[in-house]
Each structure stands twice: as C-alpha cells, then as structure tokens.
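Colleague: Got a structure for you, questions after.
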Amino acid sequence: MHFTSFLYRTLLLTLYITPSISLFFFHLMANTLSPYLSPSLSVAAIVVLLVSCGILIQECEGQGQQAKALPPAGETCNGIFISYDFLKRTKEYPHVKNVTAQSWAFSSTASVLNTGKEVFKAWKLFIEFQHDEILVSVGGGNIEEATEFPASVGNGTTFVGASQPDLDSAINTAQDLSQIQAVIDLTGTQFGVKPPTVPMPKTIKLVNDGYKCPKPTTHKSSMYACCKKDPKAKIAVAKKTKFLARQKGDLLISYDVTQVYDDNYLVQVLMENEHFLGRLDHWNLTWEWTRGEFIYSMKGAFTREIESLGCINGEAGKYYAGLDFSKVLNCQKNPIVSDLPSEKYNDSELGKIPNCCKDGNLLPIIMDPSKSKSAFTMQVYKIPPDLNKTAIYPPEKWQITGILNPHYKCGLPRRVEPARFPDSRGLEATVIAISSWQIVCNITKPTKRSTRCCVSFSSYYNDSVVPCNTCACGCDSVNTKKCNPNSPAMLLPAEALLLPFENRSAKTVAWAKMKHFTIPKRLPCADNCEVSINWHVVSDYKGGWSARITMFNWMTTQFENWFTALQFKKTPRGYQAAYSFNATTIPKLNHTIFLQGFIGANYLIALDNKSNPHVPGKQQSVISFTKKYSPNIKIAKGDGFPSKVFFNGEECSLPTRFPVKSGNQPNVVVDLAYQLLFFALAFTITPVL
C-alpha cells in the first residue's frame with residue numbers, strides 16, 4: 001500500500017503539471033491496484049482519485065483566471081475608484097523618421113468602480129489625452145458627445161455609460177462586479193511617444209457634480225485615483241426620483257413612449273429649439289438603432305427611403321415570418337427622417353400630429369414661438385430577446401442637419417422623468433408618457449474653412465473692399481492647381497461684390513494694378529460660400545456712426561423668414577435703428593442685434609442663373625448707432641465692425657483685417673444736416689424681392 005500511496009501522490013503531481021502525462025499513470029495505477037483490491041474497490045478508488053485530481057485542476061485553473069488585483073488605494077477607497085491602464089501598442093504605417101509624426105496603434109482600458117455605499121448615477125469619466133489620440137472603437141461606454149469614429153480626442157474627452165449608466169453598490173449586489181463596475185475598452189492611434197516611454201494621459205477624473213478627485217497616481221502603465229463626494233459642493237436639491245434630471249441645451253429632443261406591446265411600441269419624438277440664434281431649415285434627422293428595431297409606420301414626418309429588404313434578410317424576417325413587409329416603412333439601421341410639408345397637416349393618414357408638418361423649419365423663439373417645435377410619432381417593432389413591454393432601448397448617435405444652419409452635436413439619450421402632454425380629447429387632464437429619454441444637442445463653433453457663409457468689410461474712408469477669406473467655406477472641390485488656397489484674398493473694387501467669383505478675376509487684377517498692389521503669380525482661390533454679407537461703414541461723426549449691411553444669396557434656393565445677427569465687442573449697447581429691416585436687440589446674448597425682413601419682404605431670393613453673369617439675390621439696410629455708451633470708440637480701428645456675424649444661426653467667417661484709413665486722410669466729421677439727409681434717403685431703399 002505504500003507503493004499505492006506513492007502512485008497516488010505522483011498522479012496528483014502529474015495531473016497538476018500536464019494532463020497528457022496522466023494517462024500513462026492512470027493505466028499504471030489500474031494495473032498496480034488490481035492485485036490488491038477487489039474490482040469494485042479498485043474502480044471506486046480510481047474514481048475518488050480522478051475527482052480529487054479534477055478538484056485540484058479546477059482550483060489551479062480558477063486561480064489562473066483571477067482578475068488583476070486592485071492597488072491598495074482601490075482596496076481602501078470609500079467612494080468611486082477610477083483607473084486607466086495602458087495595455088499595448090504597435091507601430092503603424094507609414095514608418096517615418098520624425099518621432100513626433102510617427103503613429104502607433106494602442107489599446108487601453110479605463111474603469112469606474114463604485115466602492116461606496118450609495119448608487120452612483122450617470123457616471124462621467126474624463127480622460128485628458130495628450131498625444132493627439134484618435135479613437136477608432138470604444139467598448140463598455142460611449143463618448144459623451146456621441147462622436148462618430150474615428151474620433152479625435154487629443155485634448156481629452158468624457159466617457160459615459162452605454163448600457164450601464166448607473167453603478168450599484170457592493171452592499172446591494174453582494175459585490176457583483178458586473179453591476180458595480182464599468183470597464184471601457186479603448187482602441188485607437190496616438191502620436192509621438194517612442195518606447196520605452198509609456199504614453200499615459202495627463203489626468204483622469206470624474207466630472208459628475210458633487211464629486212472631487214485628487215491628482216491621480218501613476219505607476220508604470222497604470223493611473224488611478226479615489227474620488228469622493230465634495231462636502232463643500234453646492235448641489236441643488238432635486239426631487240427624489242429614479243430618473244435623471246432634464247438638462248438644458250440649444251436643441252432638445254424628447255423620445256417619449258406612449259404605448260407599449262410585447263413586440264412593438266409607439267413613440268413620439270419632439271424637438272424644441274431653445275437657442276436665441278438656433279435654427280433649422282428643412283431639417284433631416286437621423287439615428288442608429290442598436291438592437292435590430294425597425295419602423296413600421298410614421299405620422300407627422302417621413303423617412304427619405306422606404307426600405308424593407310433589411311428586415312427580410314435579417315433577424316426580423318426570421319421572427320416575423322408572417323408579416324407583410326411591403327407595408328413596413330423603413331428597416332435601415334440609420335434611417336433619415338424629414339418633416340412633412342404644411343399642406344399635409346390635416347391628412348388623416350400622415351398628419352394630424354401637434355407641432356408637425358412645418359416644412360422642416362425650426363425657428364428661434366424670438367421669431368415665432370409656434371414654429372420653434374416640431375414633432376412626429378412612429379411605431380417601432382422589436383426583435384428577440386427584447387420581447388416584453390419593458391425592454392425598450394432608444395436609438396443612439398442622433399444627428400440633425402439643415403440647409404444652411406448651425407452644426408449641432410447631440411449627446412446620448414438620458415432616461416428622464418416621463419413627459420406630460422395635454423389630453424388630445426380637449427379634457428382638462430394630463431397624459432403621462434410610459435417612459436421618456438432626452439437627447440441634448442448643442443451648437444458647435446465651425447472649424448476653419450467649414451462654415452457656409454462669410455463677411456466682407458468696406459468703409460467710406462477706403463475705396464477697396466476687404467473680401468471674404470480665401471477658401472472661407474472650404475476648397476475641397478476646387479482644383480488648387482489653378483488657384484492658391486493659402487494666398488490671402490486680394491482687395492476688390494466695390495462693384496466686384498455683385499459678381500460671382502469666376503467673373504471677378506479681371507476686375508481684381510486691374511484694381512491691383514491701378515492701386516499698385518502686389519499681384520501673386522497664382523491668384524487666391526474663391527471663398528466658395530453660399531451666402532456672403534458685406535458690412536460697410538457709411539459714416540462716423542461726434543455723436544454716432546452708421547453702417548450698411550448687404551446680404552447676397554449665391555444659392556439656387558431662396559431663404560424664407562431669414563435672419564442675421566450681429567455682435568460687437570466695444571459697442572454692444574450702441575444700436576439705434578435699422579431702416580429697411582425689422583430689428584431688435586437680445587440683452588441676454590451680449591446685446592446681439594437681431595435683424596429680419598419685414599412681413600412681405602422676408603425672402604432672400606435665390607441666385608438668378610439665367611442671366612450672364614449670374615445675379616445673386618440680395619437684401620440691404622442702413623443701421624445707425626450712438627456713441628452715448630462708448631464715446632471713445634475708434635471706428636476706423638476696428639470698433640465699427642462686428643466681431644461675430646450669424647446668418648440663419650450659422651456663424652460666418654470674418655476677414656482677418658479691416659479697411660485701412662490713410663495717414664494723411666483727415667477724419668471725416670459729418671454734420672447733423674448731412675445725417676438727416678442720409679437717413680431720409682435710407683428710407684427710400686427698397687429691398688430686392
């Protein structure tokens with residue numbers, strides 16, 4: 001039996017080392033034990049040995065699969081433990097000698113762990129990247145701005161929960177990591193850090209209100225910190241609810257579920273324009289379904305494409321085998337939705353939805369509150385495994401665009417308190433939605449050469465016009481072999497503003513020769529803008545000054561109910577009157593001057609492309625200002641020119657220089673009689689319709 005004991009220990013050791021060698025000992029033990037034990041005892045002994053060995057192997061394998069232990073700071077953290085771990089990187093093509101220009105593919109993880117006693121709602125983790133990082137995929141979370149990939153995050157970005165926006169506590173879940181921790185998997189490209197240096201972010205922190213994070217600790221390829229509630233933080237006491245508070249934004253989208261069934265639901269989508277200068281013309285709204293949903297029907301709007309092939313060839317076609325998909329409206333993962341024309345409002349099949357059917361126009365409240373909202377409803381079908389009344393997931397990656405309007409950036413859907421509606425039957429009752437999500441969209445400042453309107457400057461004291469910047473609205477579709485996209489725009493004679501750019505070259509060159517300006521070998525490229533605005537300083541006298549604004553429409557589409565807004569740095573309160581436009585000021589928005597056409601003259605007509613040269617649609621008005629609130633302003637030094645100009649909400653590109661006043665030119669002082677005559681003439685200006 002001593003020999004049997006030896007074999008038993010040897011077999012356990014062998015099984016621990018490698019299972020393949022154990023087969024030999026299994027046969028050896030069977031042959032060795034059989035002379036000493038009865039057949040039944042021999043089998044029982046071998047079974048016991050195998051079970052024991054299996055337990056041992058399982059123990060060893062389980063130990064090998066254990067997760068990486070938290071650092072001591074994480075084990076002792078009583079709050080929210082955040083971390084960032086750099087995993088690996090690979091040199092990307094092209095391989096270059098310049099270290100700062102070399103790109104590297106990298107992967108890393110970030111985590112948010114609730115080590116406190118309370119549920120942590122709507123976590124937000126900010127990672128301040130510093131190596132021109134470009135993310136190509138994010139798992140376990142989303143970028144708060146809902147940016148499409150690849151996403152440039154070189155200055156840092158905020159991550160939020162996707163399917164897990166809230167983190168429960170260990171007390172409530174028996175420390176179930178899947179419920180108390182969010183792990184974000186990051187894959188992307190970074191630049192300029194050569195091994196063995198580890199490319200870590202500058203910092204990580206929570207950006208949730210009421211939480212304070214210390215400077216993170218960095219150890220090799222890990223960065224971590226323990227964030228706690230800030231006792232000094234002043235947070236408004238909100239009504240206790242299991243939903244997130246509704247947020248403010250420039251454009252608010254509400255996704256309100258009003259009816260639910262096991263396999264489909266009815267939802268109302270409401271858009272509200274909350275910005276003084278926000279606007280959308282003929283809007284197109286799109287999103288991304290995340291769980292195979294499709295649109296069966298819609299009222300108050302329509303999808304740009306009626307498509308059912310995606311359902312027939314997908315999971316929906318398998319589950320809804322008996323459904324007539326020819327009646328399905330849209331099966332695309334990213335449908336494009338547009339508003340109905342106003343004549344469809346009373347259509348019983350397509351319209352009769354409050355706030356629908358406005359030709360896709362969302363105007364600022366200051367223009368028309370009744371046109372600042374737009375809504376539609378749709379019936380959404382679901383597929384397994386979401387076949388119950390509570391399994392509702394709103395779409396993500398919302399985007400909305402207009403013809404010539406601001407660029408909106410939309411965030412992720414946030415579960416909020418159910419919306420309330422007035423009873424459609426006319427009763428004094430309130431209908432409460434079954435569930436609601438809010439999507440907040442904000443206007444972003446256009447990047448260089450990405451706007452669609454531009455401004456030129458001119459004045460009474462200089463006969464040259466400072467034109468729109470070269471490639472102000474981009475040069476992507478321009479043959480840059482024939483023009484220079486990086487050359488400053490050449491000064492123009494005033495009459496050249498009425499001509500399309502392709503007809504200006506001869507006048508521009510002749511003007512430069514006459515004025516002895518430098519003429520580059522390759523002329524600058526056009527501004528390529530669809531709308532241009534000229535700001536001309538008309539006069540400057542002791543008590544005030546005046547200017548004329550002219551808008552040119554170079555598009556083949558006319559603008560109805562247009563508006564222009566002006567902001568000044570040093571003369572925000574100097575506005576007096578506009579003589580051919582309806583104008584007002586917005587004190588809450590830095591005394592912005594808001595201009596729009598009079599009733600009957602509120603169209604900026606389209607380009608007349610039948611004439612040669614083409615004639616743009618145009619509108620103009622004289623505007624007067626007082627120096628009462630800013631007596632020391634210098635009009636010719638730039639104070640008489642706007643610092644920001646908006647057309648239909650789009651921020652326009654401004655020149656980088658002002659008209660120069662000649663050193664030997666006397667300061668022009670206009671007497672009161674001249675001003676009265678001038679303003680009398682201003683009333684005779686008739687807008688071109």
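Numbering starts fresh at 1 for the residues of each chain in the structure tokens, the chains themselves are lettered A, B, ... in the order given, and ligands are numbered from 1 as they appear.
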I'd like the contact shell of range 122-138 of chain A - 8 Å cut-off, only C-alpha atoms, skipping same-chain residues fewer than 6 positions apart - returned as an MDAnalysis selection string.
Modeller: chainID A and resid 112 149:161 165:167 184:193 199:208 244
Colleague: Distance CA of Ile353 in chain A-CA of Pro341 in chain A, one decimal place?
Modeller: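 Computing the Euclidean distance for CA of Ile353 in chain A and CA of Pro341 in chain A yields 12.8 Å.
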Colleague: Among range 370-476 of chain A, which ones does DSSP place in strand (DSSP E), written as an NGL selection string?
Modeller: :A and (373-381 or 396-401 or 407-410 or 414-416 or 420-422 or 430-432 or 435-444 or 453-459 or 462-466)
Colleague: Mind the document's chain letters and residue numbers, and return as a ChimeraX atom specification the residues of range 131-349 of chain A that DSSP labels helix (DSSP H, G or I).
Modeller: /A:170-173,177-180,309-312,315-319,325-327,342-344
Colleague: So how many Å separate CA of Asp540 in chain A and CA of Leu499 in chain A, to one decimal?
Modeller: 28.4 Å
Colleague: Which of these residues is nearest to Lys445 in chain A, using only C-alpha atoms: A:Ser103, A:Thr109, A:Ser653, A:Ser308?
Modeller: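 The closest residue to Lys445 in chain A is A:Ser653.
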Colleague: Could you name the residues that touch range 380-390 of chain A at 7 Å or less, counting only C-alpha atoms, but leaving out those on the same chain fewer than 3 positions away, as a list in words?
Modeller: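 Returned residues: Val260, Tyr261, Asp262, Asp263, Asn264, Tyr265, Leu266, Gly292, Glu293, Phe294, Ile295, Tyr296 and Ala316 of chain A.
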Colleague: So which one's closest to Ile605 in chain A, A:Pro94, A:Gly617, A:Pro364, A:Gly278? Using only C-alpha atoms, please.
Modeller: A:Gly617
Colleague: Check the smallest atom-to-atom distance from each of A:Lys610, A:Lys409, A:Arg246, A:Lys637 to Lys570 in chain A using only C-alpha atoms, then report the winner.
Modeller: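 Ranked by minimum distance to Lys570 in chain A, first place goes to A:Lys637.
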Colleague: Might you pull out every residue within 6 Å of Gly411 in chain A, with only C-alpha atoms counted and same-chain residues fewer than 3 positions away left off, and present them as JSON, numbers by chain?
Modeller: {"A": [144, 145, 146, 439, 440]}
Colleague: Restricting the calculation to only C-alpha atoms, which member of A:Trp511, A:Phe625, A:Phe376, A:Tyr320 is positioned closest to Gly543 in chain A?
Modeller: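 Closest candidate: A:Phe625.
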Colleague: Report, in Å to a single decimal, how far apart CA of Gly139 in chain A and CA of Leu177 in chain A are.
Modeller: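 Those two atoms sit 16.6 Å apart.
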Colleague: List the neighbours of Lys644 in chain A out to 9 Å using only C-alpha atoms; skip same-chain residues closer than 5 positions along the sequence, and give me the result as a PyMOL selection string.
Modeller: chain A and resi 565-569+651-654
Colleague: I need the residues from that last selection saved to file as a CSV table (one decimal), in the first residue's frame (with C-alpha atoms), if you can.
Modeller:
chain,number,residue,atom,x,y,z
A,565,ALA,CA,-27.4,88.6,-36.0
A,566,LEU,CA,-24.5,90.9,-35.2
A,567,GLN,CA,-22.3,91.1,-32.1
A,568,PHE,CA,-19.8,93.9,-31.3
A,569,LYS,CA,-17.1,93.8,-28.7
A,651,GLU,CA,-21.6,81.7,-37.7
A,652,CYS,CA,-20.0,83.3,-40.7
A,653,SER,CA,-16.3,83.6,-41.5
A,654,LEU,CA,-14.9,87.1,-40.8
Colleague: Counting only C-alpha atoms, which of A:Lys234, A:Arg657, A:Lys220, A:Lys194 gets nearest to Leu87 in chain A?
Modeller: A:Lys220
Colleague: Considering only C-alpha atoms, can you say which of A:Ala578, A:Ile549, A:Lys373, A:Asn462 comes closest to Phe658 in chain A?
Modeller: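 Of all the options, A:Asn462 lies closest to Phe658 in chain A.
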